[in-house]
Every structure is written in C-alpha cells, then in structure tokens.
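Undergrad: For reference, the structure I am asking about is given below.
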There are 2 protein chains.
Amino acid sequence: MGDLDIRPATTDDVSAIVALLADDPLGAQRESPDNLTPYLAALERLTSDPNQHLVVAVREGRIVGTLQLTVIPGLSRRGATRSVVEGVRVHADERGSGLGTRLMEWAIDESRRQDCRLVQLTSDNTRTDAHRFYERLGFTASHVGFKLQL
Amino acid sequence: MGDLDIRPATTDDVSAIVALLADDPLGAQRESPDNLTPYLAALERLTSDPNQHLVVAVREGRIVGTLQLTVIPGLSRRGATRSVVEGVRVHADERGSGLGTRLMEWAIDESRRQDCRLVQLTSDNTRTDAHRFYERLGFTASHVGFKLQL
C-alpha cells in the first residue's frame, strides 16, 4: 500500500469524512450524507478553534480514515491539560491494515506535543473489538461513560 | 440554607476549588493544595477559551461546589455540538443537599443554551454512588471510558 499522510481536514474532505462516519453500524442511523450543510458549518467552527484538530488519513489521494482530537485545559490533577479523542473511523478497505493504530499514535503524539498529561475517549459498550484495540494501545478501561441526549 | 449562586470561577476562587478537588478519595493523591501556581496557570487558559466554562457554586459567600463544562463542536451526528462535564465536586458539608443536582442542571441548561445535542461525562468505575446519581439525572451508561496517562 502507498504512503499514508495524516493532515488537518479541509472543506474538500467533508464529503469523504461523512461517508466514513455513515459507514458504521451506529453511524448509519445518525448521519445524513445527502446533506452536507450541517457538516460544513461544523467544520468551520472546528477550524476556527485552536484546541480542535480534525484530521484525515490519506493514502494515494483517497481519504481512508479520520479522527478528532480536542485539547481541554483544566484545574484537576494539578492543572493538567487533557485531550479527548472522538470520531475515530477507518475505511472498510483498510481495516486490519494498522491504520487505526497510526491514527491513534498521531493523536497520542500530538497530545504529548501539546503537554497533555492524559488522553481519554469513550467507546460504545457494543464496540468490543474497539475496546480490545484501545487496551492494546495502552488505554485503561477505568471509567464509565455517560451520555444524555438533549 | 442560604441562596445558591452558580457563577464563573475567578482567580480568587482557585484555592477553594483546589481544596474541593483534593477532598476526595481519588483527588487526595493527585492534587497539591500547597502550590497553586499550576492551577492559576490553568485557570488563565480556561478563561481565555470561550468553549470552557469553569463554574463555582457559592452559598453565603462560601464556595461549596465546582464543575467544568467544555463545548465541543464536531462532524459526527450531523455536525452535532456536544458538551463534556469534568471535575464535578460538592463540599462534604453539602452532600445530600441537592447541590450536585443543581450543578448538573446548570450544566445541562447551559449545554442546551449553546445548542449542544449531547452532554457526556466519564466517572471512575469505583464511584458507584456517582453512577446512580447520573442515571437519576437521565444519563445512560452507554459507553466505556478509556484513559491513557502520558
């Protein structure tokens, strides 16, 4: 396989990102690939916020993965900054290729570069393969993740 | 008990906030109430970020609770903005007074005001009382929370 590039997402990438988000057992029910307007508005908001890093993984000109990293300062743990990873997606063709690991290593390296002392994420209870993947990367399943839909 | 005010934290509140963070089975090991320097630096960073809301609950001039709300835009779920709650603490004297509920209601109301479609948080696996508390507020324990210390 060709070289992999991980870089910030731009407007031209939105359609491919949404396709990745929708090609997922959970995402299929909650995305609208036929209407990109809300996604383009969200990208504009992300791009204007220096603590947001939405990236795409590109191989041979094709977007094959995405991930969002958010840097969150805070008082707890002696004023520790932490990062939160959301929306990790790997194209179906690339599963098992090590791309998920490459994306997460990017997120961990970038978190270190930004002096984060903790990287955190939540994964749906049903995604048991993902849970094993995060544990292999050194993450600990130490917390319960609660969500409230508004 | 006197009236409760929930307002943004200021420099003068940092010592009391750190005392709340440290008065906790987990926080006792990871906070340094004798050295406020890192906390003051973190507050400055929080205050300069419009997506960060560190608040204190004040009763009769005394800080009795704190919570941090972070607003996170994103592409997934049709460009949904979500919020993350961190560092919820209630003074020992106030436990059972409904203050935790008041703080969380503030966080939920503020999230709605900011057009968030989801409020999320993680709670350590050992905090089983907190888990019941979040479920009573309508949260669902739908996720596993992973952390990686750097």
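Identifiers in this document derive from the order of the structure tokens: chains are assigned A, B, ..., residues are numbered from 1 separately in each chain, and ligands are numbered from 1 in order of occurrence.
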Give me, as a PyMOL selection string, the contact residues of chain B against chain A at a cut-off of 6 Å, counting only C-alpha atoms.
TA: chain B and resi 30-31+38-39+42+74-75+77-79+117-125+139-150
Undergrad: Using N, CA, C and O atoms, can you write the selected residues to a file as a CSV table (one decimal), in the first residue's frame?
TA:
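Writing the result to result_23.csv gives the following:
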```
chain,number,residue,atom,x,y,z
B,30,ARG,N,-3.7,13.2,43.9
B,30,ARG,CA,-3.2,13.8,42.7
B,30,ARG,C,-3.2,15.3,42.7
B,30,ARG,O,-2.9,15.9,41.7
B,31,GLU,N,-3.6,16.0,43.8
B,31,GLU,CA,-3.6,17.4,43.9
B,31,GLU,C,-2.6,17.9,44.8
B,31,GLU,O,-2.0,17.2,45.6
B,38,PRO,N,0.4,26.0,39.3
B,38,PRO,CA,-0.2,25.3,38.1
B,38,PRO,C,-1.7,25.5,37.9
B,38,PRO,O,-2.1,25.6,36.8
B,39,TYR,N,-2.4,25.6,39.0
B,39,TYR,CA,-3.8,25.8,38.9
B,39,TYR,C,-4.2,27.2,38.4
B,39,TYR,O,-5.1,27.4,37.6
B,42,ALA,N,-3.6,27.2,34.8
B,42,ALA,CA,-4.7,26.5,34.1
B,42,ALA,C,-6.0,27.4,34.0
B,42,ALA,O,-6.7,27.4,33.0
B,74,GLY,N,-18.3,19.3,16.4
B,74,GLY,CA,-17.8,18.1,15.7
B,74,GLY,C,-18.6,17.7,14.5
B,74,GLY,O,-19.7,18.3,14.3
B,75,LEU,N,-18.1,16.9,13.6
B,75,LEU,CA,-18.8,16.5,12.4
B,75,LEU,C,-19.8,15.4,12.7
B,75,LEU,O,-20.9,15.4,12.1
B,77,ARG,N,-22.8,12.8,14.0
B,77,ARG,CA,-24.2,13.1,14.3
B,77,ARG,C,-24.7,14.4,13.7
B,77,ARG,O,-25.2,15.3,14.3
B,78,ARG,N,-24.5,14.5,12.3
B,78,ARG,CA,-24.9,15.6,11.5
B,78,ARG,C,-24.4,16.9,12.1
B,78,ARG,O,-25.1,17.9,12.3
B,79,GLY,N,-23.1,16.9,12.3
B,79,GLY,CA,-22.4,18.2,12.8
B,79,GLY,C,-22.9,18.6,14.2
B,79,GLY,O,-22.9,19.8,14.4
B,117,ARG,N,-26.3,18.9,21.4
B,117,ARG,CA,-27.3,17.9,21.3
B,117,ARG,C,-27.0,16.7,22.2
B,117,ARG,O,-27.8,15.7,22.2
B,118,LEU,N,-25.9,16.8,22.9
B,118,LEU,CA,-25.4,15.6,23.8
B,118,LEU,C,-24.6,16.2,24.9
B,118,LEU,O,-23.8,17.1,24.7
B,119,VAL,N,-24.8,15.7,26.1
B,119,VAL,CA,-23.9,16.0,27.2
B,119,VAL,C,-23.3,14.7,27.6
B,119,VAL,O,-23.9,13.7,27.7
B,120,GLN,N,-22.0,14.7,27.8
B,120,GLN,CA,-21.3,13.5,28.2
B,120,GLN,C,-20.3,13.7,29.3
B,120,GLN,O,-19.8,14.8,29.5
B,121,LEU,N,-20.0,12.6,30.0
B,121,LEU,CA,-19.0,12.7,31.1
B,121,LEU,C,-18.6,11.3,31.3
B,121,LEU,O,-19.2,10.3,30.9
B,122,THR,N,-17.4,11.1,32.0
B,122,THR,CA,-17.0,9.8,32.4
B,122,THR,C,-16.8,9.9,34.0
B,122,THR,O,-16.5,10.9,34.5
B,123,SER,N,-17.1,8.7,34.6
B,123,SER,CA,-17.0,8.6,36.0
B,123,SER,C,-16.2,7.4,36.3
B,123,SER,O,-16.4,6.3,35.8
B,124,ASP,N,-15.2,7.5,37.2
B,124,ASP,CA,-14.3,6.4,37.6
B,124,ASP,C,-15.2,5.2,38.0
B,124,ASP,O,-16.2,5.3,38.6
B,125,ASN,N,-14.8,4.0,37.5
B,125,ASN,CA,-15.5,2.7,37.8
B,125,ASN,C,-15.8,2.6,39.3
B,125,ASN,O,-16.8,1.9,39.6
B,139,PHE,N,-29.0,10.4,32.5
B,139,PHE,CA,-27.8,9.9,31.7
B,139,PHE,C,-27.9,8.4,31.6
B,139,PHE,O,-28.4,7.7,32.4
B,140,THR,N,-27.3,7.9,30.4
B,140,THR,CA,-27.3,6.5,30.2
B,140,THR,C,-25.8,6.0,30.2
B,140,THR,O,-24.9,6.7,29.6
B,141,ALA,N,-25.5,4.9,30.9
B,141,ALA,CA,-24.2,4.4,31.0
B,141,ALA,C,-23.9,3.6,29.7
B,141,ALA,O,-23.6,2.4,29.8
B,142,SER,N,-23.9,4.2,28.6
B,142,SER,CA,-23.8,3.5,27.3
B,142,SER,C,-22.4,3.3,26.8
B,142,SER,O,-22.2,2.6,25.8
B,143,HIS,N,-21.4,3.8,27.5
B,143,HIS,CA,-20.0,3.8,26.9
B,143,HIS,C,-19.0,3.3,28.0
B,143,HIS,O,-19.2,3.4,29.2
B,144,VAL,N,-17.9,2.8,27.5
B,144,VAL,CA,-16.7,2.5,28.3
B,144,VAL,C,-15.8,3.7,28.2
B,144,VAL,O,-15.5,4.2,27.1
B,145,GLY,N,-15.3,4.2,29.3
B,145,GLY,CA,-14.3,5.4,29.3
B,145,GLY,C,-12.9,4.9,29.4
B,145,GLY,O,-12.5,4.2,30.4
B,146,PHE,N,-12.1,5.2,28.4
B,146,PHE,CA,-10.7,4.8,28.4
B,146,PHE,C,-9.8,6.0,28.7
B,146,PHE,O,-10.0,7.1,28.2
B,147,LYS,N,-8.7,5.7,29.5
B,147,LYS,CA,-7.7,6.8,29.7
B,147,LYS,C,-6.3,6.3,29.5
B,147,LYS,O,-6.1,5.1,29.8
B,148,LEU,N,-5.5,7.1,29.0
B,148,LEU,CA,-4.1,6.8,28.9
B,148,LEU,C,-3.3,8.0,29.5
B,148,LEU,O,-3.4,9.1,29.1
B,149,GLN,N,-2.5,7.6,30.5
B,149,GLN,CA,-1.7,8.7,31.2
B,149,GLN,C,-0.4,8.9,30.3
B,149,GLN,O,0.2,7.9,29.8
B,150,LEU,N,0.0,10.1,30.1
B,150,LEU,CA,1.2,10.4,29.3
B,150,LEU,C,2.3,10.7,30.2
B,150,LEU,O,2.1,11.1,31.4
```
Undergrad: Which of range 10-133 of chain B counts as alpha helix (DSSP H) under DSSP, as number ranges by chain please?
TA: B: 14-22, 37-47, 76-79, 99-113, 128-133
Undergrad: Please report the interatomic distance between CA of Val56 in chain A and CA of Ser15 in chain A in Å with one decimal.
TA: 11.9 Å
Undergrad: As a VMD selection string, please: every residue in chain B that DSSP puts in strand (DSSP E or B).
TA: chain B and resid 4 to 8 52 to 59 62 to 72 81 to 90 116 to 124 140 to 149
Undergrad: Extract, using only C-alpha atoms, all DNA, RNA and protein residues at most 9 Å from Arg62 in chain A, discarding same-chain residues fewer than 4 positions from it, and format them as a list of chain:residue names.
TA: A:Ala16, A:Ala57, A:Val58
Undergrad: Interatomic distance between CA of Phe133 in chain B and CA of Thr101 in chain B?
TA: 8.3 Å
